[in-house]
Amino acid sequence: MNKPCHVGLIMDGNGRWASNQNLNRNEGHKAGAKICMDIIHEAINLDIKVLSLFAFSTENWLRPDDEVLSIMSILNSYLESEILAFLKRGVHFRVIGDRSKLSTKTRFLMSNAEKLSIKNKGLKLVLAVNYGGQDDILRSIKKLAEKNCDFKNIQFDDLQENLDTTDLPTVDLMIRTSGEQRLSNFMIWQAAYAEYYFTQTQWPDFTVEEFSQAINTFGQRERRFGKIDNKS
Ligand code: FPP
């Protein structure tokens, strides 16, 4: 069965999950972060090559300050402990997004986890923080300008090679929880030919079983990449 090489996860529904239980939204994010750990283990078990988690978007700064602080503090505590535990399982950790707006502590923890895992050959775990697909493309163009790119003759590869994901394969399967059916500015370039798995399940209720199910449904999709199918 065909297995996706690169799986993207839009972990939506933490806030609604919490409100439905009369909990503070931040409790939803805490519960959501816990589930992430189960899914990462399962991705390793299923021999997925790349797993990208959309943890905080360029637009998420517009949320109330206390929610932003809470998400950042959850991220810090996972970067300090849980994420490091995955290194023993061969995980190669990467962060994408614009780090310039993040705290010194968060940036240090990110680079530390990246450095410690740089030689690992297992699952590539990509954490998107202050990431936006449009911003990724804009920053790629700025990098090209700094390299004095001849823009009149710009090629597809020039842009692609300057994205945050330069060394990663494109997204094969994008999973989004909580019923919304949109990309919300996540990897808009990289997911151009992704297959989608949408579920009503809110992120904190997502399970390893449903993750495996999403991987299995991918195996039944016929991908044509703009060409005609092989049978015609
Ligand atoms: C979307 O739900 C979720 C987020 C914006 C934050 C996701 C962050 C985490 C799950 C923590 C990640 C931590 C690690 C360690 C990977 P929402 O708040 O938009 O939910 P709603 O649509 O119900 O309001």
# chains A, B, ... in the order shown; residues from 1 in each chain; ligands from 1
>>> residues_near_ligand(ligand="ligand 1", cutoff="7 Å", atoms="only C-alpha atoms and all ligand atoms", output="ChimeraX atom specification")
/A:11-17,29-30,32-33,36,53-56,60,71,74-75,78-79,127
>>> residues_around(residues="Thr170 of chain A", least_positions_apart="5", cutoff="10 Å", atoms="only C-alpha atoms", output="tab-separated table (two decimals) with C-alpha atoms, in the first residue's frame")
chain	number	residue	atom	x	y	z
A	5	CYS	CA	6.25	10.21	2.88
A	6	HIS	CA	5.41	13.66	4.27
A	7	VAL	CA	2.34	14.18	6.49
A	8	GLY	CA	1.18	17.64	7.56
A	50	VAL	CA	8.43	13.55	7.65
A	165	THR	CA	11.38	23.51	3.75
A	187	MET	CA	2.60	25.09	3.53
A	189	TRP	CA	3.48	25.93	-1.81
A	190	GLN	CA	4.52	22.54	-0.45
A	191	ALA	CA	0.96	21.13	-0.32
A	192	ALA	CA	0.10	22.00	-3.93
A	193	TYR	CA	-0.55	18.31	-4.71
A	194	ALA	CA	-1.29	17.03	-1.23
>>> atom_distance(atom1="atom CA of Ile141 of chain A", atom2="atom CA of Thr58 of chain A")
17.4 Å
>>> residues_around(residues="segment 108-123 of chain A", least_positions_apart="5", cutoff="7 Å", atoms="only C-alpha atoms", output="count of residues only")
14
>>> closest_residue(among="A:Met37, A:Leu168, A:Asp205, A:Ala128", to="Ser81 of chain A", atoms="only C-alpha atoms")
A:Met37
>>> atom_distance(atom1="atom CA of Val208 of chain A", atom2="atom CA of Arg221 of chain A")
20.5 Å
>>> residues_around(residues="Asp98 of chain A", least_positions_apart="3", cutoff="12 Å", atoms="only C-alpha atoms", output="ChimeraX atom specification")
/A:56-58,95,101-103,107,127-140,163-164
>>> write_last_selection(atoms="N, CA, C and O atoms", output="mmCIF file, in the first residue's frame")
data_model
loop_
_atom_site.group_PDB
_atom_site.id
_atom_site.type_symbol
_atom_site.label_atom_id
_atom_site.label_comp_id
_atom_site.auth_asym_id
_atom_site.auth_seq_id
_atom_site.Cartn_x
_atom_site.Cartn_y
_atom_site.Cartn_z
ATOM 1 N N PHE A 56 1.884 27.137 15.509
ATOM 2 C CA PHE A 56 1.545 28.555 15.733
ATOM 3 C C PHE A 56 1.740 29.300 14.420
ATOM 4 O O PHE A 56 2.825 29.283 13.841
ATOM 5 N N SER A 57 0.668 29.944 13.951
ATOM 6 C CA SER A 57 0.743 30.594 12.643
ATOM 7 C C SER A 57 1.128 32.066 12.770
ATOM 8 O O SER A 57 1.046 32.653 13.859
ATOM 9 N N THR A 58 1.491 32.672 11.637
ATOM 10 C CA THR A 58 1.818 34.102 11.633
ATOM 11 C C THR A 58 0.599 34.932 12.044
ATOM 12 O O THR A 58 0.737 36.061 12.497
ATOM 13 N N VAL A 95 12.697 23.177 13.049
ATOM 14 C CA VAL A 95 11.676 24.211 13.227
ATOM 15 C C VAL A 95 11.617 25.030 11.953
ATOM 16 O O VAL A 95 12.652 25.343 11.363
ATOM 17 N N LYS A 101 10.530 36.856 15.883
ATOM 18 C CA LYS A 101 9.544 37.400 16.834
ATOM 19 C C LYS A 101 9.448 36.562 18.112
ATOM 20 O O LYS A 101 8.684 36.882 19.007
ATOM 21 N N LEU A 102 10.171 35.447 18.156
ATOM 22 C CA LEU A 102 10.048 34.541 19.307
ATOM 23 C C LEU A 102 10.998 34.963 20.424
ATOM 24 O O LEU A 102 11.988 35.654 20.174
ATOM 25 N N SER A 103 10.709 34.509 21.640
ATOM 26 C CA SER A 103 11.566 34.896 22.769
ATOM 27 C C SER A 103 12.937 34.237 22.644
ATOM 28 O O SER A 103 13.090 33.213 21.965
ATOM 29 N N ARG A 107 13.860 30.463 21.196
ATOM 30 C CA ARG A 107 14.836 30.286 20.104
ATOM 31 C C ARG A 107 15.992 29.405 20.543
ATOM 32 O O ARG A 107 16.447 28.537 19.809
ATOM 33 N N LEU A 127 8.429 21.348 13.239
ATOM 34 C CA LEU A 127 7.504 22.139 14.053
ATOM 35 C C LEU A 127 7.404 23.533 13.424
ATOM 36 O O LEU A 127 8.414 24.227 13.288
ATOM 37 N N ALA A 128 6.191 23.901 13.032
ATOM 38 C CA ALA A 128 5.993 25.207 12.392
ATOM 39 C C ALA A 128 5.539 26.208 13.455
ATOM 40 O O ALA A 128 4.454 26.082 14.021
ATOM 41 N N VAL A 129 6.382 27.188 13.715
ATOM 42 C CA VAL A 129 6.082 28.190 14.749
ATOM 43 C C VAL A 129 6.308 29.579 14.155
ATOM 44 O O VAL A 129 7.363 29.846 13.580
ATOM 45 N N ASN A 130 5.324 30.453 14.344
ATOM 46 C CA ASN A 130 5.283 31.732 13.622
ATOM 47 C C ASN A 130 5.532 31.459 12.139
ATOM 48 O O ASN A 130 6.369 32.084 11.501
ATOM 49 N N TYR A 131 4.788 30.470 11.657
ATOM 50 C CA TYR A 131 4.916 30.061 10.262
ATOM 51 C C TYR A 131 3.649 30.455 9.490
ATOM 52 O O TYR A 131 2.521 30.277 9.977
ATOM 53 N N GLY A 132 3.858 30.965 8.290
ATOM 54 C CA GLY A 132 2.758 31.209 7.358
ATOM 55 C C GLY A 132 3.289 30.863 5.979
ATOM 56 O O GLY A 132 4.442 31.191 5.659
ATOM 57 N N GLY A 133 2.486 30.205 5.176
ATOM 58 C CA GLY A 133 2.933 29.834 3.834
ATOM 59 C C GLY A 133 3.259 31.059 2.996
ATOM 60 O O GLY A 133 4.263 31.082 2.260
ATOM 61 N N GLN A 134 2.431 32.098 3.121
ATOM 62 C CA GLN A 134 2.686 33.312 2.338
ATOM 63 C C GLN A 134 3.986 33.970 2.797
ATOM 64 O O GLN A 134 4.808 34.415 1.994
ATOM 65 N N ASP A 135 4.179 33.987 4.121
ATOM 66 C CA ASP A 135 5.398 34.575 4.679
ATOM 67 C C ASP A 135 6.628 33.773 4.248
ATOM 68 O O ASP A 135 7.696 34.353 3.977
ATOM 69 N N ASP A 136 6.485 32.456 4.168
ATOM 70 C CA ASP A 136 7.589 31.586 3.732
ATOM 71 C C ASP A 136 8.015 31.991 2.307
ATOM 72 O O ASP A 136 9.220 32.160 2.017
ATOM 73 N N ILE A 137 7.024 32.193 1.441
ATOM 74 C CA ILE A 137 7.322 32.555 0.046
ATOM 75 C C ILE A 137 7.959 33.960 -0.013
ATOM 76 O O ILE A 137 8.950 34.185 -0.706
ATOM 77 N N LEU A 138 7.387 34.872 0.773
ATOM 78 C CA LEU A 138 7.924 36.247 0.799
ATOM 79 C C LEU A 138 9.375 36.256 1.282
ATOM 80 O O LEU A 138 10.248 36.914 0.694
ATOM 81 N N ARG A 139 9.647 35.475 2.344
ATOM 82 C CA ARG A 139 11.022 35.433 2.857
ATOM 83 C C ARG A 139 11.965 34.776 1.849
ATOM 84 O O ARG A 139 13.129 35.142 1.737
ATOM 85 N N SER A 140 11.436 33.810 1.091
ATOM 86 C CA SER A 140 12.262 33.180 0.054
ATOM 87 C C SER A 140 12.673 34.229 -0.994
ATOM 88 O O SER A 140 13.838 34.294 -1.406
ATOM 89 N N LEU A 163 12.886 28.326 0.385
ATOM 90 C CA LEU A 163 11.798 28.180 1.367
ATOM 91 C C LEU A 163 12.372 27.539 2.628
ATOM 92 O O LEU A 163 13.427 26.900 2.582
ATOM 93 N N ASP A 164 11.634 27.663 3.738
ATOM 94 C CA ASP A 164 12.086 27.029 4.990
ATOM 95 C C ASP A 164 12.220 25.520 4.830
ATOM 96 O O ASP A 164 12.954 24.878 5.563
#
>>> closest_residue(among="A:Leu51, A:Leu144, A:Met72, A:Pro64", to="Ile10 of chain A", atoms="only C-alpha atoms")
A:Leu51
>>> closest_residue(among="A:Asn22, A:Asn162, A:Thr199, A:Ser184", to="Gln213 of chain A", atoms="only C-alpha atoms")
A:Thr199
>>> residues_around(residues="Phe218 of chain A", least_positions_apart="5", cutoff="8 Å", atoms="only C-alpha atoms", output="list in words")
Asn2, Lys3, Pro4, Leu173 and Glu195 of chain A
>>> write_last_selection(atoms="N, CA, C and O atoms", output="compact mmCIF listing (two decimals), in the first residue's frame")
# COMPACT_ATOMS: atom_id res chain seq x y z
N ASN A 2 0.44 2.24 -0.79
CA ASN A 2 1.16 3.51 -0.83
C ASN A 2 1.09 4.21 0.53
O ASN A 2 0.00 4.36 1.08
N LYS A 3 2.22 4.65 1.00
CA LYS A 3 2.23 5.37 2.27
C LYS A 3 2.72 6.79 2.02
O LYS A 3 3.61 6.98 1.18
N PRO A 4 2.13 7.78 2.70
CA PRO A 4 2.65 9.14 2.49
C PRO A 4 4.05 9.26 3.07
O PRO A 4 4.33 8.72 4.14
N LEU A 173 0.21 14.11 2.36
CA LEU A 173 -1.09 14.02 3.04
C LEU A 173 -1.19 15.13 4.07
O LEU A 173 -0.31 15.29 4.91
N GLU A 195 -2.87 15.28 -0.77
CA GLU A 195 -4.21 14.73 -0.54
C GLU A 195 -4.64 15.22 0.84
O GLU A 195 -3.80 15.49 1.70
>>> atom_distance(atom1="atom CA of Leu46 of chain A", atom2="atom CA of Ile215 of chain A")
9.0 Å
>>> select_by_dssp(residues="segment 2-213 of chain A", states="alpha helix (DSSP H)", output="VMD selection string")
chain A and resid 14 to 20 25 to 45 65 to 80 82 to 87 104 to 117 133 to 146 156 to 160 208 to 213
>>> decode(residues="segment 3-17 of chain A", atoms="all heavy atoms", output="CSV table (one decimal), in the first residue's frame")
chain,number,residue,atom,x,y,z
A,3,LYS,N,2.2,4.7,1.0
A,3,LYS,CA,2.2,5.4,2.3
A,3,LYS,C,2.7,6.8,2.0
A,3,LYS,O,3.6,7.0,1.2
A,3,LYS,CB,3.2,4.7,3.2
A,3,LYS,CG,2.6,4.6,4.6
A,3,LYS,CD,3.4,3.7,5.5
A,3,LYS,CE,4.9,3.5,5.2
A,3,LYS,NZ,5.5,2.6,6.1
A,4,PRO,N,2.1,7.8,2.7
A,4,PRO,CA,2.6,9.1,2.5
A,4,PRO,C,4.1,9.3,3.1
A,4,PRO,O,4.3,8.7,4.1
A,4,PRO,CB,1.7,10.0,3.3
A,4,PRO,CG,1.1,9.1,4.3
A,4,PRO,CD,1.1,7.7,3.7
A,5,CYS,N,4.9,10.0,2.4
A,5,CYS,CA,6.2,10.2,2.9
A,5,CYS,C,6.2,11.4,3.8
A,5,CYS,O,6.8,11.4,4.9
A,5,CYS,CB,7.1,10.5,1.7
A,5,CYS,SG,8.8,11.0,2.1
A,6,HIS,N,5.5,12.4,3.5
A,6,HIS,CA,5.4,13.7,4.3
A,6,HIS,C,3.9,13.9,4.7
A,6,HIS,O,3.1,14.1,3.8
A,6,HIS,CB,6.0,14.8,3.5
A,6,HIS,CG,6.1,16.1,4.2
A,6,HIS,ND1,6.7,17.2,3.7
A,6,HIS,CD2,5.6,16.5,5.5
A,6,HIS,CE1,6.6,18.2,4.6
A,6,HIS,NE2,5.9,17.8,5.7
A,7,VAL,N,3.7,13.9,6.0
A,7,VAL,CA,2.3,14.2,6.5
A,7,VAL,C,2.3,15.5,7.2
A,7,VAL,O,3.2,15.8,8.1
A,7,VAL,CB,1.9,13.1,7.5
A,7,VAL,CG1,0.5,13.3,8.0
A,7,VAL,CG2,1.9,11.7,6.8
A,8,GLY,N,1.4,16.4,6.9
A,8,GLY,CA,1.2,17.6,7.6
A,8,GLY,C,0.0,17.5,8.5
A,8,GLY,O,-1.0,16.8,8.2
A,9,LEU,N,0.1,18.2,9.6
A,9,LEU,CA,-1.0,18.1,10.6
A,9,LEU,C,-1.5,19.5,11.0
A,9,LEU,O,-0.7,20.3,11.5
A,9,LEU,CB,-0.5,17.4,11.9
A,9,LEU,CG,-0.7,15.9,12.0
A,9,LEU,CD1,-0.1,15.5,13.3
A,9,LEU,CD2,-2.2,15.6,11.9
A,10,ILE,N,-2.7,19.8,10.7
A,10,ILE,CA,-3.3,21.1,11.2
A,10,ILE,C,-4.2,20.7,12.4
A,10,ILE,O,-5.2,20.2,12.3
A,10,ILE,CB,-4.1,21.8,10.1
A,10,ILE,CG1,-3.2,22.1,8.9
A,10,ILE,CG2,-4.7,23.1,10.6
A,10,ILE,CD1,-3.9,22.7,7.7
A,11,MET,N,-3.6,21.0,13.6
A,11,MET,CA,-4.2,20.5,14.8
A,11,MET,C,-5.2,21.5,15.3
A,11,MET,O,-5.0,22.3,16.2
A,11,MET,CB,-3.1,20.4,15.8
A,11,MET,CG,-1.9,19.6,15.3
A,11,MET,SD,-0.5,19.5,16.4
A,11,MET,CE,0.2,21.1,16.3
A,12,ASP,N,-6.4,21.4,14.7
A,12,ASP,CA,-7.5,22.5,15.0
A,12,ASP,C,-8.5,21.9,16.0
A,12,ASP,O,-8.8,20.7,16.0
A,12,ASP,CB,-8.1,22.8,13.7
A,12,ASP,CG,-8.9,24.1,13.8
A,12,ASP,OD1,-8.8,24.8,14.8
A,12,ASP,OD2,-9.7,24.4,12.9
A,13,GLY,N,-9.1,22.8,16.8
A,13,GLY,CA,-10.2,22.4,17.6
A,13,GLY,C,-9.9,22.4,19.1
A,13,GLY,O,-10.7,22.1,19.9
A,14,ASN,N,-8.7,22.9,19.5
A,14,ASN,CA,-8.3,22.9,20.9
A,14,ASN,C,-9.3,23.8,21.7
A,14,ASN,O,-9.7,23.4,22.8
A,14,ASN,CB,-6.9,23.4,21.1
A,14,ASN,CG,-5.8,22.5,20.6
A,14,ASN,OD1,-6.1,21.3,20.3
A,14,ASN,ND2,-4.6,22.9,20.5
A,15,GLY,N,-9.5,24.9,21.2
A,15,GLY,CA,-10.3,25.9,21.9
A,15,GLY,C,-11.8,25.4,22.1
A,15,GLY,O,-12.3,25.5,23.2
A,16,ARG,N,-12.4,24.9,21.0
A,16,ARG,CA,-13.7,24.4,21.1
A,16,ARG,C,-13.8,23.2,22.0
A,16,ARG,O,-14.8,23.1,22.8
A,16,ARG,CB,-14.3,24.0,19.7
A,16,ARG,CG,-14.8,25.2,18.9
A,16,ARG,CD,-14.9,25.0,17.4
A,16,ARG,NE,-13.6,25.0,16.8
A,16,ARG,CZ,-13.4,24.6,15.6
A,16,ARG,NH1,-14.4,24.1,14.8
A,16,ARG,NH2,-12.2,24.6,15.0
A,17,TRP,N,-12.8,22.3,22.0
A,17,TRP,CA,-12.8,21.2,22.8
A,17,TRP,C,-12.9,21.6,24.3
A,17,TRP,O,-13.6,21.1,25.1
A,17,TRP,CB,-11.5,20.4,22.6
A,17,TRP,CG,-11.3,19.2,23.4
A,17,TRP,CD1,-11.8,17.9,23.2
A,17,TRP,CD2,-10.6,19.1,24.7
A,17,TRP,NE1,-11.4,17.1,24.2
A,17,TRP,CE2,-10.7,17.8,25.1
A,17,TRP,CE3,-10.0,20.1,25.5
A,17,TRP,CZ2,-10.1,17.4,26.3
A,17,TRP,CZ3,-9.4,19.7,26.7
A,17,TRP,CH2,-9.5,18.3,27.1
